[in-house]
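Novice: What follows is protein.cif, mmCIF, C-alpha atoms and all ligand atoms.
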data_data
loop_
_atom_site.label_atom_id
_atom_site.label_comp_id
_atom_site.auth_asym_id
_atom_site.auth_seq_id
_atom_site.Cartn_x
_atom_site.Cartn_y
_atom_site.Cartn_z
CA MET A 1 -33.23 -13.09 -31.69
CA MET A 2 -33.54 -10.05 -33.88
CA ALA A 3 -31.04 -7.65 -32.43
CA ASP A 4 -29.18 -9.75 -29.91
CA TYR A 5 -25.94 -8.08 -30.79
CA LEU A 6 -27.34 -4.84 -29.37
CA ASP A 7 -27.41 -6.42 -25.92
CA ARG A 8 -23.86 -5.32 -25.51
CA ILE A 9 -24.82 -1.68 -25.63
CA GLY A 10 -27.06 -1.63 -22.57
CA ALA A 11 -26.23 -3.02 -19.18
CA GLY A 12 -23.22 -5.22 -19.62
CA LYS A 13 -23.03 -8.86 -18.76
CA VAL A 14 -20.72 -7.94 -15.92
CA LEU A 15 -21.11 -4.25 -15.24
CA LEU A 16 -24.26 -2.92 -13.58
CA ASP A 17 -23.10 0.55 -12.70
CA ARG A 18 -20.27 2.49 -14.26
CA ALA A 19 -20.12 5.21 -11.58
CA PRO A 20 -17.67 3.44 -9.23
CA PHE A 21 -15.11 3.63 -12.03
CA SER A 22 -15.39 7.36 -12.53
CA PHE A 23 -12.54 9.42 -11.18
CA ASP A 24 -14.61 11.47 -8.76
CA TRP A 25 -16.47 8.60 -7.13
CA THR A 26 -15.83 8.48 -3.41
CA PRO A 27 -16.14 5.00 -1.92
CA PRO A 28 -18.50 4.59 1.06
CA ALA A 29 -15.52 3.46 3.15
CA LEU A 30 -11.80 3.34 2.63
CA VAL A 31 -10.22 -0.07 2.38
CA GLY A 32 -7.31 -0.79 4.70
CA ARG A 33 -6.83 2.72 6.05
CA ASP A 34 -8.42 2.40 9.51
CA THR A 35 -5.26 3.29 11.39
CA GLU A 36 -4.52 6.27 9.16
CA LEU A 37 -8.09 7.57 9.39
CA ARG A 38 -7.96 7.30 13.16
CA GLU A 39 -4.70 9.19 13.16
CA LEU A 40 -6.21 11.88 10.96
CA ALA A 41 -9.24 12.11 13.23
CA SER A 42 -6.95 12.66 16.20
CA MET A 43 -5.65 15.78 14.48
CA PHE A 44 -9.21 17.09 14.49
CA THR A 45 -10.01 16.58 18.16
CA GLY A 46 -12.42 19.09 19.59
CA MET A 47 -13.91 20.03 16.24
CA GLU A 48 -17.46 19.93 17.61
CA SER A 49 -16.69 23.15 19.48
CA HIS A 50 -17.10 26.44 17.71
CA GLY A 51 -13.86 28.31 17.92
CA VAL A 52 -11.70 25.27 17.23
CA SER A 53 -9.78 24.82 14.01
CA SER A 54 -7.44 22.05 12.98
CA ARG A 55 -4.73 21.40 10.49
CA ALA A 56 -3.25 18.33 8.88
CA VAL A 57 -0.64 17.53 6.28
CA ILE A 58 -1.04 14.35 4.23
CA THR A 59 1.81 13.02 2.13
CA GLY A 60 2.26 9.82 0.13
CA PRO A 61 3.05 8.54 -3.36
CA VAL A 62 0.67 8.60 -6.33
CA GLY A 63 -2.35 6.41 -5.77
CA SER A 64 -1.85 6.00 -2.03
CA GLY A 65 -5.31 7.48 -1.49
CA LYS A 66 -4.45 11.00 -0.35
CA THR A 67 -7.23 12.72 -2.25
CA VAL A 68 -9.88 10.15 -1.49
CA MET A 69 -8.93 10.25 2.18
CA THR A 70 -9.51 14.00 2.40
CA ARG A 71 -12.87 13.57 0.66
CA ARG A 72 -14.04 10.63 2.77
CA PHE A 73 -12.87 12.29 5.96
CA GLY A 74 -14.41 15.65 5.07
CA GLU A 75 -17.81 14.15 4.33
CA ASP A 76 -17.73 11.92 7.39
CA LEU A 77 -16.79 14.82 9.63
CA GLN A 78 -19.49 16.99 8.11
CA ARG A 79 -22.09 14.32 8.74
CA MET A 80 -20.89 13.62 12.25
CA LEU A 81 -21.12 17.27 13.24
CA ASP A 82 -24.47 17.74 11.55
CA GLY A 83 -26.71 19.88 13.74
CA ARG A 84 -23.80 20.89 15.96
CA ARG A 85 -21.44 22.71 13.67
CA LYS A 86 -21.86 23.57 10.05
CA ILE A 87 -18.85 22.47 8.01
CA ILE A 88 -18.33 23.70 4.47
CA LEU A 89 -15.97 21.63 2.34
CA ALA A 90 -13.68 23.17 -0.22
CA HIS A 91 -11.27 21.06 -2.22
CA VAL A 92 -8.81 22.90 -4.43
CA ASN A 93 -6.41 21.06 -6.69
CA CYS A 94 -3.49 23.43 -6.83
CA ARG A 95 -2.07 21.79 -9.91
CA ASN A 96 -5.13 23.03 -11.79
CA HIS A 97 -5.24 26.31 -9.88
CA PRO A 98 -1.65 27.15 -9.03
CA SER A 99 -1.87 30.86 -8.23
CA THR A 100 -3.01 32.63 -5.09
CA SER A 101 -5.87 34.36 -6.86
CA GLN A 102 -7.04 31.11 -8.48
CA VAL A 103 -7.03 29.28 -5.16
CA LEU A 104 -8.97 32.10 -3.52
CA GLN A 105 -11.43 32.14 -6.36
CA GLN A 106 -12.05 28.40 -5.92
CA ILE A 107 -12.69 28.92 -2.22
CA VAL A 108 -15.14 31.73 -2.88
CA LEU A 109 -16.92 29.57 -5.44
CA SER A 110 -17.41 26.76 -2.94
CA LEU A 111 -18.87 29.27 -0.46
CA ASP A 112 -21.45 29.99 -3.08
CA SER A 113 -21.25 33.72 -2.55
CA GLY A 114 -20.47 34.85 -6.05
CA HIS A 115 -17.15 35.65 -7.61
CA PRO A 116 -14.51 37.57 -5.75
CA GLU A 117 -14.49 41.13 -6.85
CA ARG A 118 -11.52 42.39 -8.75
CA GLY A 119 -8.99 44.77 -7.36
CA PHE A 120 -8.77 43.34 -3.86
CA SER A 121 -5.62 42.07 -2.26
CA SER A 122 -5.43 38.45 -1.15
CA GLY A 123 -5.56 39.64 2.46
CA GLU A 124 -8.80 41.48 1.77
CA ILE A 125 -10.35 38.49 0.00
CA ILE A 126 -9.41 36.24 2.90
CA GLN A 127 -11.09 38.60 5.34
CA SER A 128 -14.21 38.72 3.19
CA ILE A 129 -14.23 34.90 3.17
CA ARG A 130 -13.97 35.06 6.92
CA ARG A 131 -16.88 37.50 7.26
CA ASN A 132 -18.99 35.30 5.02
CA LEU A 133 -18.25 32.21 7.13
CA ASN A 134 -18.98 34.00 10.39
CA ALA A 135 -22.21 35.42 9.02
CA HIS A 136 -23.42 31.92 8.20
CA ASP A 137 -22.06 30.41 11.37
CA SER A 138 -19.97 28.08 9.24
CA HIS A 139 -16.57 26.53 9.41
CA LEU A 140 -14.52 25.97 6.28
CA LEU A 141 -12.59 22.73 5.87
CA LEU A 142 -10.19 23.65 3.12
CA VAL A 143 -8.14 21.01 1.30
CA LEU A 144 -5.23 22.29 -0.73
CA ASP A 145 -4.46 19.23 -2.82
CA GLU A 146 -1.15 18.93 -4.69
CA VAL A 147 -0.15 21.98 -2.72
CA ASP A 148 3.46 21.76 -3.91
CA ALA A 149 2.30 23.28 -7.22
CA LEU A 150 1.20 26.38 -5.36
CA ILE A 151 4.26 26.58 -3.16
CA ARG A 152 6.68 26.14 -6.01
CA ARG A 153 5.08 29.04 -7.77
CA GLU A 154 4.19 31.44 -5.01
CA LYS A 155 6.06 30.28 -1.91
CA SER A 156 4.00 29.78 1.22
CA ASP A 157 2.56 33.26 1.45
CA LEU A 158 -1.08 32.28 1.00
CA ILE A 159 -0.82 29.37 3.41
CA TYR A 160 0.65 31.67 6.02
CA LYS A 161 -2.20 34.12 5.57
CA LEU A 162 -4.81 31.36 5.73
CA LEU A 163 -3.28 29.99 8.92
CA ARG A 164 -3.54 33.47 10.44
CA ILE A 165 -7.07 34.17 9.23
CA ASP A 166 -8.44 34.65 12.78
CA GLU A 167 -5.41 36.37 14.22
CA GLY A 168 -6.36 39.47 16.20
CA ARG A 169 -10.11 38.76 15.83
CA ASP A 170 -12.64 37.98 18.54
CA GLN A 171 -14.16 35.03 16.79
CA GLN A 172 -11.84 32.10 16.23
CA GLY A 173 -12.23 28.84 14.37
CA SER A 174 -13.12 30.03 10.86
CA LEU A 175 -11.03 27.60 8.93
CA SER A 176 -9.35 24.21 9.11
CA LEU A 177 -6.66 23.35 6.64
CA MET A 178 -5.52 20.10 5.06
CA LEU A 179 -2.42 20.23 2.90
CA VAL A 180 -1.81 17.34 0.52
CA SER A 181 1.40 16.60 -1.32
CA GLN A 182 3.20 13.68 -2.89
CA ASP A 183 6.44 15.10 -1.82
CA VAL A 184 7.39 14.99 1.85
CA SER A 185 10.25 17.40 1.28
CA MET A 186 7.66 20.05 0.40
CA LEU A 187 7.53 20.74 4.12
CA LYS A 188 11.13 21.83 4.08
CA LEU A 189 10.16 24.75 1.89
CA PHE A 190 8.03 26.15 4.67
CA GLU A 191 9.35 28.73 7.04
CA ALA A 192 9.59 27.87 10.70
CA ALA A 193 6.59 30.07 11.44
CA ILE A 194 4.40 27.94 9.21
CA ILE A 195 5.73 24.64 10.45
CA SER A 196 5.03 25.60 14.03
CA ARG A 197 1.51 26.70 13.11
CA LEU A 198 0.85 23.47 11.21
CA GLY A 199 2.11 21.45 14.13
CA GLU A 200 4.84 18.92 13.52
CA SER A 201 2.76 16.06 14.84
CA ASN A 202 0.03 16.76 12.33
CA ILE A 203 1.73 15.00 9.46
CA LEU A 204 0.25 11.80 8.10
CA ASN A 205 2.43 9.86 5.70
CA LEU A 206 0.55 7.28 3.62
CA GLN A 207 2.50 4.21 2.53
CA PRO A 208 1.95 2.58 -0.87
CA TYR A 209 -0.63 -0.21 -0.75
CA ASP A 210 0.44 -3.85 -0.62
CA ALA A 211 -1.11 -6.65 -2.68
CA PRO A 212 -3.84 -7.64 -0.17
CA ALA A 213 -4.95 -4.01 0.22
CA LEU A 214 -5.04 -3.53 -3.55
CA MET A 215 -7.03 -6.73 -3.90
CA GLY A 216 -9.45 -5.33 -1.32
CA ILE A 217 -9.74 -2.06 -3.21
CA ALA A 218 -10.46 -3.92 -6.45
CA ARG A 219 -12.98 -6.10 -4.62
CA GLN A 220 -14.81 -3.05 -3.29
CA ARG A 221 -15.19 -1.59 -6.81
CA TYR A 222 -16.33 -4.97 -8.12
CA GLU A 223 -18.94 -5.27 -5.37
CA GLU A 224 -20.20 -1.75 -6.01
CA ALA A 225 -20.23 -1.96 -9.79
CA CYS A 226 -20.65 -5.54 -10.98
CA LYS A 227 -23.05 -8.44 -10.94
CA PRO A 228 -22.51 -10.64 -7.90
CA GLY A 229 -20.26 -13.57 -8.69
CA SER A 230 -18.91 -12.09 -11.92
CA VAL A 231 -15.35 -11.56 -10.68
CA GLY A 232 -13.61 -14.31 -8.75
CA ASP A 233 -11.05 -14.16 -5.98
CA ASP A 234 -8.22 -15.40 -8.20
CA THR A 235 -8.88 -12.56 -10.63
CA LEU A 236 -8.91 -9.99 -7.84
CA ALA A 237 -5.75 -11.49 -6.38
CA LYS A 238 -3.96 -11.16 -9.72
CA ILE A 239 -4.97 -7.51 -9.90
CA GLY A 240 -3.60 -7.03 -6.39
CA ARG A 241 -0.33 -8.68 -7.31
CA PHE A 242 0.11 -6.63 -10.47
CA ALA A 243 -0.70 -3.32 -8.85
CA ALA A 244 1.54 -4.05 -5.86
CA ASP A 245 4.61 -3.24 -7.96
CA THR A 246 3.75 0.41 -7.63
CA GLY A 247 1.26 0.25 -4.74
CA ASP A 248 -1.00 2.55 -6.77
CA ALA A 249 -4.71 2.02 -6.08
CA ARG A 250 -5.60 3.72 -9.33
CA LEU A 251 -3.77 0.99 -11.23
CA ALA A 252 -5.74 -1.74 -9.44
CA ILE A 253 -9.00 -0.04 -10.40
CA GLU A 254 -7.92 0.43 -14.01
CA LEU A 255 -6.83 -3.19 -14.30
CA LEU A 256 -10.22 -4.32 -13.05
CA GLU A 257 -12.08 -2.01 -15.38
CA ALA A 258 -10.05 -3.17 -18.38
CA ALA A 259 -10.56 -6.82 -17.43
CA ILE A 260 -14.31 -6.27 -17.23
CA ARG A 261 -14.24 -4.66 -20.65
CA ARG A 262 -12.38 -7.65 -22.12
CA ALA A 263 -14.84 -10.13 -20.62
CA GLU A 264 -17.83 -8.19 -21.90
CA LYS A 265 -16.30 -7.79 -25.31
CA ALA A 266 -15.91 -11.55 -25.45
CA GLY A 267 -19.59 -11.83 -24.51
CA ARG A 268 -18.82 -13.44 -21.16
CA GLY A 269 -20.58 -12.76 -17.86
CA ASP A 270 -17.56 -13.64 -15.78
CA VAL A 271 -14.17 -12.01 -15.64
CA LEU A 272 -11.35 -14.53 -15.91
CA VAL A 273 -7.82 -14.41 -14.62
CA GLU A 274 -6.45 -13.93 -18.12
CA ASP A 275 -8.65 -10.88 -18.64
CA VAL A 276 -6.28 -9.07 -16.31
CA ARG A 277 -3.44 -7.56 -18.32
CA PRO A 278 -1.14 -4.71 -17.55
CA SER A 279 -2.18 -1.37 -18.86
CA THR A 280 -0.25 -0.49 -22.00
CA LEU A 281 -0.25 3.10 -20.86
CA ARG A 282 1.82 2.28 -17.85
CA ALA A 283 5.31 1.01 -17.31
CA ALA A 284 5.39 -2.75 -17.53
CA SER A 285 5.35 -4.45 -14.18
CA VAL A 286 8.30 -6.63 -15.09
CA GLU A 287 11.65 -4.93 -15.37
CA PRO A 288 13.23 -5.87 -18.72
CA SER A 289 16.53 -6.30 -16.87
CA GLN A 290 14.98 -9.35 -15.21
CA VAL A 291 15.77 -11.37 -18.34
CA ASP A 292 19.49 -10.79 -17.85
CA ASN A 293 19.51 -13.26 -14.98
CA LEU A 294 17.98 -16.09 -16.98
CA SER A 295 20.01 -19.05 -18.20
CA LYS A 296 20.94 -19.18 -21.86
CA HIS A 297 18.22 -21.65 -22.82
CA GLN A 298 15.58 -19.91 -20.75
CA LYS A 299 16.39 -16.82 -22.80
CA LEU A 300 16.08 -18.79 -26.04
CA VAL A 301 12.70 -20.20 -24.99
CA LEU A 302 11.52 -16.73 -24.04
CA LEU A 303 12.80 -15.21 -27.27
CA GLY A 304 10.69 -17.59 -29.35
CA ILE A 305 7.62 -16.79 -27.26
CA CYS A 306 8.23 -13.04 -27.50
CA ARG A 307 8.44 -13.14 -31.27
CA ARG A 308 5.04 -14.75 -31.55
CA LEU A 309 3.39 -12.66 -28.82
CA LYS A 310 4.38 -9.47 -30.60
CA LYS A 311 1.72 -10.43 -33.12
CA ALA A 312 -0.63 -12.75 -31.25
CA ASP A 313 -2.39 -12.73 -27.91
CA GLU A 314 -1.27 -16.20 -26.97
CA ILE A 315 0.85 -19.08 -28.12
CA SER A 316 0.43 -22.80 -27.50
CA SER A 317 3.19 -24.67 -25.74
CA GLY A 318 3.64 -26.78 -28.88
CA ASP A 319 4.28 -23.71 -30.99
CA ALA A 320 6.55 -22.30 -28.31
CA ARG A 321 8.66 -25.44 -28.56
CA LYS A 322 8.85 -25.19 -32.36
CA LEU A 323 9.89 -21.56 -32.14
CA TYR A 324 12.45 -22.44 -29.50
CA ASN A 325 13.96 -25.00 -31.90
CA LEU A 326 14.10 -22.37 -34.63
CA VAL A 327 15.73 -19.87 -32.31
CA CYS A 328 18.32 -22.47 -31.30
CA GLU A 329 19.11 -23.06 -34.95
CA GLU A 330 19.46 -19.34 -35.53
CA PHE A 331 21.90 -18.89 -32.66
CA GLU A 332 23.65 -22.21 -33.21
CA ALA A 333 22.67 -23.78 -29.93
CA ARG A 334 21.65 -27.40 -29.43
CA PRO A 335 17.95 -27.59 -28.43
CA ARG A 336 17.38 -29.15 -25.01
CA SER A 337 15.08 -32.08 -24.34
CA TYR A 338 11.33 -31.86 -24.11
CA THR A 339 11.46 -32.17 -20.32
CA THR A 340 14.04 -29.43 -19.98
CA PHE A 341 12.00 -27.19 -22.25
CA TRP A 342 9.04 -27.63 -19.90
CA LYS A 343 11.20 -26.90 -16.89
CA HIS A 344 12.30 -23.66 -18.53
CA LEU A 345 8.69 -22.73 -19.27
CA LYS A 346 7.77 -23.24 -15.61
CA ALA A 347 10.77 -21.19 -14.49
CA LEU A 348 9.72 -18.32 -16.74
CA GLU A 349 6.23 -18.50 -15.29
CA THR A 350 7.49 -18.52 -11.71
CA GLN A 351 9.39 -15.35 -12.44
CA GLY A 352 6.26 -13.67 -13.74
CA LEU A 353 7.59 -13.32 -17.27
CA ILE A 354 4.88 -15.46 -18.82
CA GLU A 355 1.53 -16.86 -17.77
CA THR A 356 0.20 -20.26 -18.74
CA ARG A 357 -3.26 -21.71 -18.89
CA THR A 358 -4.08 -25.34 -19.55
CA ALA A 359 -6.15 -25.79 -22.68
CA ASN A 360 -9.43 -27.67 -22.48
CA ALA A 361 -8.59 -30.21 -25.14
CA SER A 362 -5.28 -31.94 -24.73
CA VAL A 363 -3.71 -32.78 -28.02
CA GLY A 364 -0.80 -35.04 -28.84
CA ARG A 365 1.59 -35.36 -25.96
CA GLY A 366 -0.82 -34.80 -23.15
CA ARG A 367 -0.72 -31.31 -21.80
CA THR A 368 -1.07 -28.36 -24.10
CA GLN A 369 -0.81 -24.99 -22.50
CA HIS A 370 -1.54 -21.54 -23.72
CA ILE A 371 1.08 -18.99 -22.94
CA THR A 372 0.43 -15.30 -22.57
CA MET A 373 2.62 -12.48 -21.49
CA THR A 374 0.64 -10.03 -19.47
CA ASN A 375 3.18 -8.23 -17.34
CA THR A 376 5.41 -6.89 -20.00
CA ALA A 377 5.90 -5.95 -23.62
CA PRO A 378 7.23 -8.89 -25.67
CA ALA A 379 9.02 -6.61 -28.13
CA VAL A 380 11.10 -5.05 -25.36
CA LEU A 381 12.27 -8.41 -24.06
CA GLU A 382 12.87 -9.69 -27.58
CA SER A 383 15.26 -6.92 -28.47
CA ARG A 384 17.06 -7.21 -25.15
CA ILE A 385 17.68 -10.93 -25.63
CA GLU A 386 18.63 -10.54 -29.30
CA LYS A 387 21.11 -7.83 -28.48
CA GLU A 388 22.84 -10.12 -26.05
CA PHE A 389 23.15 -13.00 -28.47
CA GLN A 390 24.34 -10.99 -31.44
N1 LIG B 1 -8.26 2.93 0.69
C1 LIG B 1 -8.98 3.04 -0.43
N2 LIG B 1 -10.18 2.44 -0.53
C2 LIG B 1 -10.90 2.54 -1.66
N3 LIG B 1 -10.50 3.22 -2.74
C3 LIG B 1 -9.29 3.83 -2.71
C4 LIG B 1 -8.49 3.78 -1.56
N4 LIG B 1 -7.35 4.47 -1.78
C5 LIG B 1 -7.43 4.93 -3.03
N5 LIG B 1 -8.60 4.57 -3.60
C6 LIG B 1 -9.03 4.89 -4.95
O1 LIG B 1 -7.87 4.84 -5.77
C7 LIG B 1 -7.82 5.94 -6.67
C8 LIG B 1 -6.59 6.77 -6.40
O2 LIG B 1 -6.68 7.38 -5.12
P1 LIG B 1 -6.33 8.92 -4.89
O3 LIG B 1 -6.92 9.33 -3.61
O4 LIG B 1 -6.70 9.72 -6.09
O5 LIG B 1 -4.73 8.81 -4.76
P2 LIG B 1 -3.66 10.00 -4.62
O6 LIG B 1 -4.43 11.28 -4.39
O7 LIG B 1 -2.82 9.61 -3.45
O8 LIG B 1 -2.88 9.98 -5.90
C9 LIG B 1 -9.12 6.68 -6.47
O9 LIG B 1 -10.07 6.20 -7.40
C10 LIG B 1 -9.54 6.31 -5.07
O10 LIG B 1 -10.95 6.37 -4.92
MG MG B 2 -4.55 13.03 -5.46
#
As structure tokens, please, write out the structure in this file.

Specialist:
Amino acid sequence: MMADYLDRIGAGKVLLDRAPFSFDWTPPALVGRDTELRELASMFTGMESHGVSSRAVITGPVGSGKTVMTRRFGEDLQRMLDGRRKIILAHVNCRNHPSTSQVLQQIVLSLDSGHPERGFSSGEIIQSIRRNLNAHDSHLLLVLDEVDALIRREKSDLIYKLLRIDEGRDQQGSLSLMLVSQDVSMLKLFEAAIISRLGESNILNLQPYDAPALMGIARQRYEEACKPGSVGDDTLAKIGRFAADTGDARLAIELLEAAIRRAEKAGRGDVLVEDVRPSTLRAASVEPSQVDNLSKHQKLVLLGICRRLKKADEISSGDARKLYNLVCEEFEARPRSYTTFWKHLKALETQGLIETRTANASVGRGRTQHITMTNTAPAVLESRIEKEFQ
């Protein structure tokens, strides 16, 4: 009794473990990327043999799982070769470390052999990395993530040197390289010598995720982080649908996390469909131009709803009708019948502009519904419609 309100501080009613929502959490398995992982693995054939090195280029839009794929693959490969070949993983985000010396410093740090000494050329540092690897009988799997940041700044000089690390030496197979970039055209910046060394067949292009894949990704986080049964299929499906506009897995995960937060804030142990709302930090998932194709009265119905939802989370269908009548008066239009109003509401819902939920208690004329607008900003639609009518 005494301090019940403090319950919310500890383990949540929904969330058991926050870790799966942290940015550096690597899932135990990737969802819906079996084919791509197999393709990547084929670029690493023969890796159990000392003396063999591989290279791969991974491209794909934001949130298509490029980074997580290099991490999952690297760890899996390391484990698979355990006892046969020692693999050291180094992951450098070139956006955070865009110069040759910064990249080399990150590599040296992951070899755990102290800082690179000053006053050496990049070629000398690379050879000292090589000696270190050979001395420990190790192979370096180096990921240069967001590599376009490095190339834009310093051309492909470092990559060329890294690809030639064993050239003219007895011992081969010091280093495998994975290059990651959003931008496929990054490859065009490379000279022919680099492209031929990378191997043209070693390019893996990740497509944006579709709704079922995004639902699966959200489901995996839920299963890893939440109480069993706390998030239903319909909720996960809505997340999948929302995130499918961009195909960005990060968005699906953020939508789930925010929905969990809303449920817990409301003191509930289950996450409901209406807890899923688009992130305000992101572009709305409905294009404002979508309203242009609505009929005149659909626009008037929507305008009334937008005006209320600028200030409130939801509006009842009864209030929506009243506001529609007011809007009609304002723009000198004759309000349509009750039935037509309902038809317009349903049409707006079908188009994803609004969401409706049937209220528990039905008042007056049977069905009362609560209308929310989760895919878009009401104020944006409001001003677009007003502009057209004025
Ligand atoms: N196939 C997948 N299965 C599980 N989680 C994924 C998958 N793809 C991406 N994610 C998760 O989505 C988020 C974004 O992925 P990330 O690899 O950072 O994308 P990118 O590097 O392409 O921008 C990360 O939290 C990542 O763990
Ligand atoms: Mg990334």

Novice: Could you give me, as a tab-separated table, every chain A residue with an atom at most 9 Å from ligand LIG 1 (chain B), plus its closest atom pair and distance in Å to one decimal, counting all atoms listed in the file, rows ordered by chain then number?

Specialist:
residue	atom	partner	partner_atom	distance
A:Pro20	CA	B:LIG1	O9	8.3
A:Phe21	CA	B:LIG1	O9	7.3
A:Ser22	CA	B:LIG1	O9	7.5
A:Phe23	CA	B:LIG1	O9	5.5
A:Asp24	CA	B:LIG1	O9	7.1
A:Trp25	CA	B:LIG1	O10	6.4
A:Thr26	CA	B:LIG1	O10	5.5
A:Pro27	CA	B:LIG1	C2	5.8
A:Pro28	CA	B:LIG1	C2	8.3
A:Ala29	CA	B:LIG1	N2	6.6
A:Leu30	CA	B:LIG1	N2	3.7
A:Val31	CA	B:LIG1	N2	3.8
A:Gly32	CA	B:LIG1	N1	5.6
A:Arg33	CA	B:LIG1	N1	5.6
A:Asp34	CA	B:LIG1	N1	8.8
A:Thr59	CA	B:LIG1	O7	8.0
A:Gly60	CA	B:LIG1	O7	6.2
A:Pro61	CA	B:LIG1	O7	6.0
A:Val62	CA	B:LIG1	O8	3.8
A:Gly63	CA	B:LIG1	O5	3.5
A:Ser64	CA	B:LIG1	O7	4.0
A:Gly65	CA	B:LIG1	O3	3.2
A:Lys66	CA	B:LIG1	O7	3.8
A:Thr67	CA	B:LIG1	O3	3.7
A:Val68	CA	B:LIG1	O3	3.7
A:Met69	CA	B:LIG1	O3	6.2
A:Thr70	CA	B:LIG1	O3	8.0
A:Arg71	CA	B:LIG1	O3	8.5
A:Asp145	CA	B:LIG1	O6	8.1
A:Glu146	CA	B:LIG1	O6	8.3
A:Val180	CA	B:LIG1	O6	8.2
A:Ser181	CA	B:LIG1	O7	8.4
A:Gln182	CA	B:LIG1	O7	7.3
A:Leu206	CA	B:LIG1	O7	8.2
A:Pro208	CA	B:LIG1	O7	8.9
A:Tyr209	CA	B:LIG1	N4	8.3
A:Ala213	CA	B:LIG1	N1	7.7
A:Leu214	CA	B:LIG1	C1	8.3
A:Gly216	CA	B:LIG1	N2	7.8
A:Ile217	CA	B:LIG1	C2	5.0
A:Ala218	CA	B:LIG1	N3	8.0
A:Gln220	CA	B:LIG1	C2	7.0
A:Arg221	CA	B:LIG1	N3	7.9
A:Asp248	CA	B:LIG1	C8	7.0
A:Ala249	CA	B:LIG1	O1	4.2
A:Arg250	CA	B:LIG1	C7	4.1
A:Leu251	CA	B:LIG1	O1	7.8
A:Ala252	CA	B:LIG1	O1	7.8
A:Ile253	CA	B:LIG1	O1	6.8

Novice: If we count only C-alpha atoms and set the cut-off at 7 Å, which residues sit around segment 198-201 of chain A, ignoring sequence neighbours fewer than 4 positions away in its own chain? Please answer as a PyMOL selection string.

Specialist: chain A and resi 55-56+194

Novice: Considering all atoms listed in the file, can you say which of A:Gln290, A:Gln390, A:Ser174, A:Thr246 comes closest to Thr376 of chain A?

Specialist: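 Of all the options, A:Gln290 lies closest to Thr376 of chain A.
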
Novice: Which one of A:Asp183, A:Glu332, A:Glu191, A:Glu39 sits closest to ligand MG 2 (chain B) if you count all atoms listed in the file?

Specialist: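 For ligand MG 2 (chain B), the nearest of the given residues is A:Asp183.
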
Novice: Nearest residue to Ala193 of chain A out of A:Pro212, A:Arg84, A:Asp170, A:Lys161, using all atoms listed in the file?

Specialist: A:Lys161

Novice: Kindly indicate which residue among A:His91, A:Arg118, A:Arg367, A:Arg85 lies nearest to Asp137 of chain A, using only C-alpha atoms for the distances.

Specialist: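 Distance minimum relative to Asp137 of chain A lands on A:Arg85.
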
Novice: Please tell me which residues are no farther than 12 Å from (-3.7, -11.3, -29.8) in the file, counting all atoms listed in the file, and write them as a list of chain:residue names.

Specialist: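 Here the neighbourhood of the point contains A:Arg308, A:Leu309, A:Lys310, A:Lys311, A:Ala312, A:Asp313, A:Glu314, A:Ile315, A:Ile371, A:Thr372, A:Met373, A:Thr374, A:Pro378.
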
Novice: To one decimal in Å, tell me the separation between atom CA of Ser196 of chain A and atom CA of Arg38 of chain A.

Specialist: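 Separation of atom CA of Ser196 of chain A and atom CA of Arg38 of chain A: 22.5 Å.
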
Novice: Name the closest residue to ligand MG 2 (chain B) among the candidates A:Leu144, A:Leu133, A:Val291, A:Leu256; distances are taken between atoms, counting all atoms listed in the file.

Specialist: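 Smallest separation from ligand MG 2 (chain B) among the options: A:Leu144.
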
Novice: Rounded to one decimal in Å, what is the spacing between atom CA of Ala41 of chain A and atom CA of Ser54 of chain A?

Specialist: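 Computed distance, atom CA of Ala41 of chain A to atom CA of Ser54 of chain A, equals 10.1 Å.
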